[in-house]
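Heads up, data-v4.cif below (mmCIF, C-alpha atoms (C1' of nucleotides)):
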data_target
#
loop_
_atom_site.label_atom_id
_atom_site.label_comp_id
_atom_site.auth_asym_id
_atom_site.auth_seq_id
_atom_site.Cartn_x
_atom_site.Cartn_y
_atom_site.Cartn_z
CA MET A 1 32.85 8.12 -11.54
CA THR A 2 34.43 11.15 -13.18
CA VAL A 3 32.96 13.60 -15.67
CA GLU A 4 35.14 11.92 -18.30
CA GLN A 5 33.80 8.46 -17.47
CA ALA A 6 30.26 9.78 -17.61
CA ARG A 7 30.97 11.35 -20.98
CA ALA A 8 32.32 8.02 -22.23
CA LEU A 9 29.24 6.14 -21.02
CA LEU A 10 26.93 8.56 -22.81
CA LEU A 11 28.87 8.27 -26.07
CA GLU A 12 28.93 4.49 -25.70
CA LYS A 13 25.13 4.50 -25.77
CA GLY A 14 24.98 6.88 -28.74
CA LEU A 15 23.74 9.75 -26.57
CA ASN A 16 24.78 13.33 -27.18
CA ILE A 17 26.84 15.36 -24.74
CA THR A 18 24.63 18.33 -23.93
CA PRO A 19 25.21 21.19 -21.50
CA GLN A 20 22.22 20.00 -19.43
CA ARG A 21 23.63 16.49 -19.10
CA VAL A 22 27.08 17.79 -18.25
CA VAL A 23 25.92 20.24 -15.60
CA ILE A 24 23.49 17.84 -13.93
CA THR A 25 26.09 15.07 -13.91
CA ASP A 26 28.69 17.45 -12.54
CA TYR A 27 26.32 18.56 -9.79
CA LEU A 28 25.51 14.99 -8.75
CA LEU A 29 29.20 14.06 -8.78
CA HIS A 30 30.00 16.82 -6.32
CA THR A 31 27.24 16.43 -3.76
CA ILE A 32 26.70 13.86 -1.02
CA GLU A 33 23.14 15.06 -0.48
CA HIS A 34 21.26 12.36 -2.43
CA PRO A 35 19.01 15.02 -3.98
CA SER A 36 15.53 14.56 -5.40
CA ALA A 37 14.68 15.64 -8.95
CA ASP A 38 13.26 18.89 -7.64
CA GLU A 39 16.38 19.57 -5.59
CA VAL A 40 18.49 18.99 -8.69
CA PHE A 41 16.25 21.38 -10.60
CA GLU A 42 16.75 24.09 -7.99
CA ALA A 43 20.47 23.43 -7.71
CA VAL A 44 21.28 23.76 -11.42
CA LYS A 45 19.10 26.84 -12.01
CA GLU A 46 22.06 29.19 -11.80
CA ARG A 47 24.18 27.34 -14.34
CA LEU A 48 21.21 26.41 -16.56
CA PRO A 49 18.74 29.28 -16.23
CA SER A 50 16.47 28.04 -19.03
CA CYS A 51 16.50 24.39 -17.98
CA SER A 52 12.98 23.02 -17.58
CA ARG A 53 11.73 20.61 -15.00
CA ALA A 54 11.02 18.09 -17.78
CA THR A 55 14.66 18.20 -18.84
CA VAL A 56 15.77 17.48 -15.28
CA TYR A 57 13.50 14.44 -15.16
CA ASN A 58 14.54 13.33 -18.66
CA THR A 59 18.21 13.79 -17.86
CA LEU A 60 18.02 11.95 -14.53
CA ASN A 61 16.29 9.04 -16.27
CA THR A 62 18.89 9.09 -19.04
CA LEU A 63 21.79 9.18 -16.58
CA THR A 64 20.23 6.36 -14.57
CA GLU A 65 19.74 4.18 -17.65
CA ALA A 66 23.30 4.90 -18.74
CA GLY A 67 24.58 3.71 -15.37
CA ILE A 68 26.04 7.09 -14.46
CA VAL A 69 23.83 7.61 -11.42
CA ARG A 70 21.55 5.43 -9.32
CA ALA A 71 17.95 6.07 -8.36
CA PHE A 72 16.48 4.89 -5.07
CA SER A 73 13.42 5.56 -2.96
CA PRO A 74 14.13 5.71 0.77
CA GLU A 75 10.68 7.09 1.51
CA PRO A 76 7.47 6.44 -0.40
CA GLY A 77 6.81 9.00 -3.11
CA LYS A 78 10.27 10.49 -3.33
CA THR A 79 12.95 9.31 -5.72
CA ARG A 80 16.52 10.31 -4.92
CA TYR A 81 19.67 10.19 -7.02
CA ASP A 82 23.20 9.16 -6.14
CA ALA A 83 26.31 9.45 -8.31
CA ASN A 84 28.02 6.88 -6.11
CA ILE A 85 27.37 3.87 -8.32
CA ALA A 86 29.57 1.50 -6.34
CA PRO A 87 27.35 -1.09 -4.65
CA HIS A 88 26.40 0.32 -1.28
CA HIS A 89 23.52 0.79 1.13
CA HIS A 90 21.93 3.77 2.78
CA PHE A 91 21.58 4.86 6.36
CA ILE A 92 18.89 7.40 7.18
CA ASP A 93 19.36 9.46 10.31
CA LEU A 94 15.94 9.47 11.97
CA ASN A 95 16.80 12.73 13.74
CA THR A 96 18.11 14.80 10.85
CA GLY A 97 16.86 12.96 7.77
CA ALA A 98 20.42 12.87 6.43
CA ILE A 99 21.24 9.95 4.15
CA HIS A 100 24.66 8.36 4.62
CA ASP A 101 26.31 5.87 2.30
CA ILE A 102 27.18 2.53 3.89
CA PRO A 103 29.87 0.42 2.23
CA TRP A 104 28.65 -2.84 0.74
CA GLU A 105 31.08 -4.89 2.84
CA CYS A 106 29.63 -3.68 6.13
CA VAL A 107 26.57 -5.81 5.60
CA ASP A 108 28.56 -8.98 6.15
CA GLN A 109 28.67 -8.40 9.86
CA LEU A 110 25.59 -6.22 9.67
CA CYS A 111 24.45 -4.63 12.90
CA GLN A 112 27.72 -5.18 14.76
CA SER A 113 29.94 -3.51 12.18
CA LEU A 114 27.80 -0.40 12.01
CA GLY A 115 27.22 -0.27 15.72
CA ASP A 116 29.83 2.34 16.65
CA GLU A 117 28.86 5.18 14.37
CA PHE A 118 25.36 4.25 13.30
CA LYS A 119 22.81 3.12 15.81
CA ILE A 120 20.42 1.01 13.78
CA LYS A 121 16.80 1.22 14.82
CA ASP A 122 15.42 -0.54 11.78
CA TYR A 123 16.39 -1.58 8.32
CA GLN A 124 14.70 -2.86 5.23
CA ILE A 125 16.19 -5.00 2.51
CA THR A 126 14.61 -5.36 -0.90
CA PHE A 127 15.95 -8.11 -3.11
CA TYR A 128 15.50 -8.18 -6.87
CA GLY A 129 15.89 -11.38 -8.84
CA GLU A 130 14.19 -14.42 -10.27
CA HIS A 131 12.02 -16.76 -8.24
CA ARG A 132 12.16 -20.49 -8.90
CA PRO A 133 9.57 -22.22 -6.69
CA ALA A 134 11.17 -24.94 -4.60
CA SER A 135 8.42 -27.42 -5.59
CA THR A 136 9.47 -27.44 -9.27
CA PRO A 137 11.80 -30.44 -9.79
CA MET B 1 -1.45 -10.93 13.76
CA THR B 2 -5.09 -11.89 14.18
CA VAL B 3 -8.23 -9.78 13.82
CA GLU B 4 -8.47 -9.92 17.63
CA GLN B 5 -4.93 -8.63 18.10
CA ALA B 6 -5.59 -5.85 15.62
CA ARG B 7 -8.75 -4.93 17.51
CA ALA B 8 -6.77 -4.82 20.76
CA LEU B 9 -4.10 -2.57 19.24
CA LEU B 10 -6.73 -0.12 17.98
CA LEU B 11 -8.44 0.03 21.39
CA GLU B 12 -5.06 0.43 23.08
CA LYS B 13 -4.54 3.64 21.08
CA GLY B 14 -8.04 4.91 21.81
CA LEU B 15 -9.17 4.31 18.24
CA ASN B 16 -12.68 3.16 17.40
CA ILE B 17 -13.43 -0.20 15.83
CA THR B 18 -15.23 0.69 12.61
CA PRO B 19 -16.48 -1.58 9.82
CA GLN B 20 -13.99 0.00 7.42
CA ARG B 21 -11.05 -0.71 9.71
CA VAL B 22 -12.22 -4.26 10.34
CA VAL B 23 -12.78 -5.11 6.67
CA ILE B 24 -9.52 -3.56 5.44
CA THR B 25 -7.54 -5.26 8.22
CA ASP B 26 -9.24 -8.56 7.48
CA TYR B 27 -8.44 -8.23 3.80
CA LEU B 28 -4.75 -7.48 4.45
CA LEU B 29 -4.54 -10.37 6.90
CA HIS B 30 -5.73 -12.82 4.27
CA THR B 31 -3.67 -11.81 1.26
CA ILE B 32 -0.02 -12.36 0.41
CA GLU B 33 -0.24 -9.89 -2.47
CA HIS B 34 1.35 -6.83 -0.77
CA PRO B 35 -1.37 -4.60 -2.26
CA SER B 36 -1.19 -0.88 -2.95
CA ALA B 37 -3.79 1.53 -1.55
CA ASP B 38 -5.65 1.44 -4.83
CA GLU B 39 -5.67 -2.36 -4.88
CA VAL B 40 -7.07 -2.37 -1.35
CA PHE B 41 -9.73 0.11 -2.47
CA GLU B 42 -10.76 -2.18 -5.34
CA ALA B 43 -10.62 -5.32 -3.18
CA VAL B 44 -12.92 -4.07 -0.41
CA LYS B 45 -15.49 -2.48 -2.74
CA GLU B 46 -17.82 -5.46 -2.48
CA ARG B 47 -17.87 -5.55 1.31
CA LEU B 48 -17.79 -1.75 1.70
CA PRO B 49 -19.69 -0.35 -1.29
CA SER B 50 -19.74 3.21 0.02
CA CYS B 51 -16.10 3.27 1.16
CA SER B 52 -14.22 6.21 -0.30
CA ARG B 53 -10.66 6.29 -1.52
CA ALA B 54 -9.84 8.80 1.24
CA THR B 55 -11.01 6.32 3.86
CA VAL B 56 -8.75 3.62 2.42
CA TYR B 57 -5.77 5.98 2.64
CA ASN B 58 -6.77 7.17 6.12
CA THR B 59 -7.30 3.62 7.33
CA LEU B 60 -4.02 2.34 5.90
CA ASN B 61 -2.19 5.20 7.60
CA THR B 62 -4.02 4.49 10.86
CA LEU B 63 -3.29 0.76 10.71
CA THR B 64 0.36 1.49 9.92
CA GLU B 65 0.71 3.90 12.85
CA ALA B 66 -1.01 1.39 15.14
CA GLY B 67 1.54 -1.27 14.15
CA ILE B 68 -1.08 -3.53 12.60
CA VAL B 69 0.36 -3.41 9.10
CA ARG B 70 3.63 -2.25 7.57
CA ALA B 71 4.13 0.12 4.65
CA PHE B 72 7.03 -0.17 2.25
CA SER B 73 8.00 1.17 -1.14
CA PRO B 74 9.68 -1.41 -3.36
CA GLU B 75 9.47 0.83 -6.41
CA PRO B 76 9.49 4.63 -6.49
CA GLY B 77 6.05 6.17 -6.30
CA LYS B 78 4.20 3.10 -5.10
CA THR B 79 3.50 2.33 -1.46
CA ARG B 80 2.53 -1.22 -0.59
CA TYR B 81 1.07 -2.72 2.58
CA ASP B 82 1.86 -5.95 4.38
CA ALA B 83 0.03 -7.44 7.37
CA ASN B 84 3.06 -9.59 8.11
CA ILE B 85 4.59 -7.36 10.79
CA ALA B 86 7.24 -9.87 11.83
CA PRO B 87 10.65 -8.48 10.83
CA HIS B 88 11.31 -9.68 7.31
CA HIS B 89 12.58 -8.61 3.92
CA HIS B 90 11.17 -8.66 0.44
CA PHE B 91 12.16 -10.41 -2.73
CA ILE B 92 10.83 -9.03 -6.00
CA ASP B 93 10.66 -11.40 -8.94
CA LEU B 94 12.00 -9.38 -11.87
CA ASN B 95 10.06 -11.58 -14.29
CA THR B 96 6.62 -11.55 -12.68
CA GLY B 97 6.75 -8.60 -10.30
CA ALA B 98 5.60 -10.86 -7.48
CA ILE B 99 6.77 -9.86 -4.01
CA HIS B 100 7.84 -12.69 -1.71
CA ASP B 101 8.50 -12.41 2.02
CA ILE B 102 12.00 -13.40 3.09
CA PRO B 103 12.52 -14.43 6.72
CA TRP B 104 14.68 -12.10 8.75
CA GLU B 105 17.14 -14.88 9.64
CA CYS B 106 18.02 -15.56 6.02
CA VAL B 107 20.03 -12.37 5.85
CA ASP B 108 22.68 -13.83 8.13
CA GLN B 109 24.03 -15.97 5.33
CA LEU B 110 22.60 -13.64 2.74
CA CYS B 111 23.09 -14.63 -0.88
CA GLN B 112 24.05 -18.23 -0.13
CA SER B 113 20.96 -19.02 1.93
CA LEU B 114 18.57 -17.67 -0.67
CA GLY B 115 20.47 -19.15 -3.59
CA ASP B 116 18.35 -22.22 -4.18
CA GLU B 117 14.92 -20.73 -4.57
CA PHE B 118 15.68 -17.07 -5.20
CA LYS B 119 18.32 -16.03 -7.67
CA ILE B 120 19.42 -12.61 -6.45
CA LYS B 121 20.32 -10.14 -9.16
CA ASP B 122 20.43 -7.11 -6.92
CA TYR B 123 19.35 -5.95 -3.51
CA GLN B 124 19.06 -2.71 -1.65
CA ILE B 125 19.20 -2.17 2.09
CA THR B 126 17.94 0.96 3.77
CA PHE B 127 18.90 1.45 7.39
CA TYR B 128 17.05 3.77 9.75
CA GLY B 129 18.65 5.01 12.93
CA GLU B 130 20.71 7.68 14.61
CA HIS B 131 24.05 8.88 13.32
CA ARG B 132 26.82 9.70 15.76
CA PRO B 133 29.80 11.07 13.81
CA ALA B 134 32.95 9.13 14.60
CA SER B 135 34.88 12.37 15.15
CA THR B 136 32.81 13.31 18.20
CA PRO B 137 34.67 12.03 21.29
"C1'" DT C 1 -33.05 4.42 25.53
"C1'" DG C 2 -31.75 8.95 23.84
"C1'" DC C 3 -28.47 12.65 23.60
"C1'" DC C 4 -24.05 14.59 22.86
"C1'" DA C 5 -19.37 15.42 21.83
"C1'" DA C 6 -15.67 13.36 19.68
"C1'" DA C 7 -14.12 10.44 16.10
"C1'" DA C 8 -14.55 8.75 11.58
"C1'" DT C 9 -16.17 8.80 6.92
"C1'" DT C 10 -17.20 10.87 2.67
"C1'" DA C 11 -16.88 13.30 -2.01
"C1'" DG C 12 -14.47 16.04 -4.31
"C1'" DA C 13 -10.91 19.61 -4.62
"C1'" DA C 14 -6.04 20.31 -4.14
"C1'" DT C 15 -1.29 18.95 -4.15
"C1'" DT C 16 2.85 16.69 -5.57
"C1'" DA C 17 5.87 13.86 -8.27
"C1'" DA C 18 6.47 12.48 -12.66
"C1'" DT C 19 5.33 11.71 -17.54
"C1'" DC C 20 3.58 13.08 -21.96
"C1'" DT C 21 2.96 16.10 -26.01
"C1'" DA C 22 4.08 18.73 -29.73
"C1'" DA C 23 6.67 22.54 -31.16
"C1'" DA C 24 11.21 24.80 -31.14
"C1'" DT C 25 16.10 24.29 -30.71
"C1'" DT C 26 20.45 22.07 -30.82
"C1'" DT C 27 23.54 18.64 -32.20
"C1'" DA C 28 26.69 15.84 -34.99
"C1'" DG C 29 27.99 14.42 -39.28
"C1'" DA C 30 27.98 14.56 -44.47
"C1'" DT D 1 26.61 24.84 -44.52
"C1'" DC D 2 22.71 21.73 -44.46
"C1'" DT D 3 20.00 18.31 -42.70
"C1'" DA D 4 18.03 14.61 -40.06
"C1'" DA D 5 17.96 12.97 -35.66
"C1'" DA D 6 18.29 13.97 -30.93
"C1'" DT D 7 17.24 17.02 -27.31
"C1'" DT D 8 15.02 20.59 -24.86
"C1'" DT D 9 11.16 23.21 -23.64
"C1'" DA D 10 6.58 24.85 -21.58
"C1'" DG D 11 2.66 23.48 -20.41
"C1'" DA D 12 -0.93 19.92 -20.20
"C1'" DT D 13 -1.77 15.46 -18.19
"C1'" DT D 14 -1.66 11.59 -15.13
"C1'" DA D 15 -1.26 9.07 -10.83
"C1'" DA D 16 -0.72 8.76 -5.99
"C1'" DT D 17 -1.87 10.91 -2.04
"C1'" DT D 18 -3.50 14.49 1.12
"C1'" DC D 19 -6.64 18.05 2.40
"C1'" DT D 20 -11.15 20.21 3.38
"C1'" DA D 21 -15.42 20.80 5.10
"C1'" DA D 22 -19.77 18.73 5.56
"C1'" DT D 23 -22.13 14.52 7.06
"C1'" DT D 24 -22.45 10.30 9.58
"C1'" DT D 25 -21.21 7.11 13.11
"C1'" DT D 26 -19.48 5.92 17.45
"C1'" DG D 27 -19.22 5.21 22.47
"C1'" DG D 28 -20.19 7.07 26.95
"C1'" DC D 29 -23.45 8.78 30.06
"C1'" DA D 30 -27.76 10.64 32.14
#
As structure tokens, the full file:
Amino acid sequence: MTVEQARALLLEKGLNITPQRVVITDYLLHTIEHPSADEVFEAVKERLPSCSRATVYNTLNTLTEAGIVRAFSPEPGKTRYDANIAPHHHFIDLNTGAIHDIPWECVDQLCQSLGDEFKIKDYQITFYGEHRPASTP
Amino acid sequence: MTVEQARALLLEKGLNITPQRVVITDYLLHTIEHPSADEVFEAVKERLPSCSRATVYNTLNTLTEAGIVRAFSPEPGKTRYDANIAPHHHFIDLNTGAIHDIPWECVDQLCQSLGDEFKIKDYQITFYGEHRPASTP
DNA sequence: TGCCAAAATTAGAATTAATCTAAATTTAGA
DNA sequence: TCTAAATTTAGATTAATTCTAATTTTGGCA
């Protein structure tokens, strides 16, 4: 994702290009920190001194709906944002709390393929889809 | 997990067996609903009329720490509890919101093995562990 | 059994993340 | 430039959860 691609996605949905949307997108595109809304708010203060918390939340929701960023919740009660929209997973370092991106393909061989660099203690998969009970003919 | 096993785990940690802990454990052991704290609070009202919301939260945290139940967060801002502590995953029906347990083994063949009953639209894995940077010799 | 200290529960206040509201501002297009 | 629609803003509100401090219950022991 580039700033240009993000701009195109916004226009595609009939959304205006505003300084707030540009700066917040730009920030997310240049960090690997998986920040929370509040961390985004703090981070863009300098470039957007008058930006309100509500705008950060609005903008993050807008960017998420436009497919420019992805929201996820690695720990209850805290939503984090990621401008890496390629399908991937997350690895949380239990010692440091750092969140690392794990390529989608790695899951094929799961534990083995991650074994060298990431020592997996636990993992949790959540599937989203449509359930068709097996009993229905 | 049985009520007896839960009792043993509490005693093992030096925790008292209280009516609140027994009733909440018993409720979680007999539902497949993956309830939230508030749903547990509503559900045990009849058997524990004087039970406060704080006790429900305290008890759920205690039961989680004791390994009697598991907490997870399928959607940002909502923690849910599951007395099925066997390693497993979750499948969320996008139409109904129902949460189904998926056996751990199914992940080996991933999408294929779930294909008949569960039509996967998306899934998200979160790994927990320890990161050892590849650059460190 | 009765007492005591520790553990647990309770009600309500406090906190935190996030959304809502309504007014003010900005934007894009005619 | 003018205008309607979109966006931003500050602050109020909501929802989930934790905290606090007082009260009650528990289990061990004389």
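The residues that lie within 10 Å of the point (-21.2, 14.5, 20.6), counting only C-alpha atoms (C1' of nucleotides), are DC3, DC4, DA5, DA6 and DA7 of chain C; DT26, DG27 and DG28 of chain D.
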Can you tell me how far CA of Tyr27 (chain B) sits from CA of Val44 (chain B), in Å to one decimal?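 Atom-to-atom, CA of Tyr27 (chain B) and CA of Val44 (chain B) are spaced 7.4 Å apart.
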Could you please select, counting all atoms listed in the file, the residues of chain A within 8 Å of chain C and state them as number ranges by chain? A: 16, 57, 77-78
With C-alpha atoms retained, write the just-selected residues as a PDB file, in the coordinates of the input.
ATOM      1  CA  ASN A  16      24.780  13.330 -27.180  1.00  0.00           C
ATOM      2  CA  TYR A  57      13.500  14.440 -15.160  1.00  0.00           C
ATOM      3  CA  GLY A  77       6.810   9.000  -3.110  1.00  0.00           C
ATOM      4  CA  LYS A  78      10.270  10.490  -3.330  1.00  0.00           C
TER       5      LYS A  78
END
So which residues touch region 86-89 of chain B within 6 Å, counting all atoms listed in the file, skipping near sequence neighbours fewer than 3 positions away, as a ChimeraX atom specification? /A:125 /B:101-104
Residue selection dump (C-alpha atoms) as a PDB file, in the coordinates of the input:
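The resulting again.pdb:
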ATOM      1  CA  ILE A 125      16.190  -5.000   2.510  1.00  0.00           C
TER       2      ILE A 125
ATOM      3  CA  ASP B 101       8.500 -12.410   2.020  1.00  0.00           C
ATOM      4  CA  ILE B 102      12.000 -13.400   3.090  1.00  0.00           C
ATOM      5  CA  PRO B 103      12.520 -14.430   6.720  1.00  0.00           C
ATOM      6  CA  TRP B 104      14.680 -12.100   8.750  1.00  0.00           C
TER       7      TRP B 104
END
Using CA of His90 (chain B) and CA of Arg132 (chain B) as the two end points, give the distance in Å to one decimal.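 Taking CA of His90 (chain B) as the start and CA of Arg132 (chain B) as the end point, the length is 28.6 Å.
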Residue list for chain D near chain B as JSON, numbers by chain, 10 Å, only C-alpha atoms (C1' of nucleotides): {"D": [15, 16, 17, 18, 19, 25, 26, 27]}
I need the residue set behind the PyMOL selection byres ((chain A and resi 22) around 12) for this file; please write it as a count of residues only. 30
Using Å and a single decimal, report how far CA of Val69 (chain A) sits from CA of Ala83 (chain A).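 So the two atoms, CA of Ala83 (chain A) and CA of Val69 (chain A), lie 4.4 Å apart.
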Which residue, B:His100, B:His30, B:His131, B:Arg80, has the smallest gap to chain A when you use only C-alpha atoms?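 Using only C-alpha atoms, the shortest distance to chain A belongs to B:His131.
Residues matching the PyMOL selection byres ((chain B and resi 72-75) around 9) in this structure come to A:Phe72, A:Ser73, A:Pro74, A:Glu75, A:Pro76, A:Gly77, A:Gln124, A:Thr126, B:Arg70, B:Ala71, B:Pro76, B:Gly77, B:Lys78, B:Thr79, B:Arg80, B:Tyr81, B:Asp82, B:His90, B:Ile92, B:Ile99.
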Would you compute the box with edges along x, y and z of the file around region 11-28 of chain B, including every atom the file lists for it and 6 Å extra on each side, and give its centre and edge lengths in Å to one decimal, as lines of an AutoDock Vina configuration file?
center_x = -10.5
center_y = -1.8
center_z = 13.4
size_x = 23.9
size_y = 25.5
size_z = 31.3
Pick out the closest residue to chain B from this set: A:Ala98, A:Val40, A:Gly14, A:Phe91. Count all atoms listed in the file.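 Looking only at the distances to chain B, the closest residue turns out to be A:Phe91.
Closest approach to chain A among B:Leu94, B:Leu9, B:Leu15, B:Ile32: B:Leu94, based on all atoms listed in the file.
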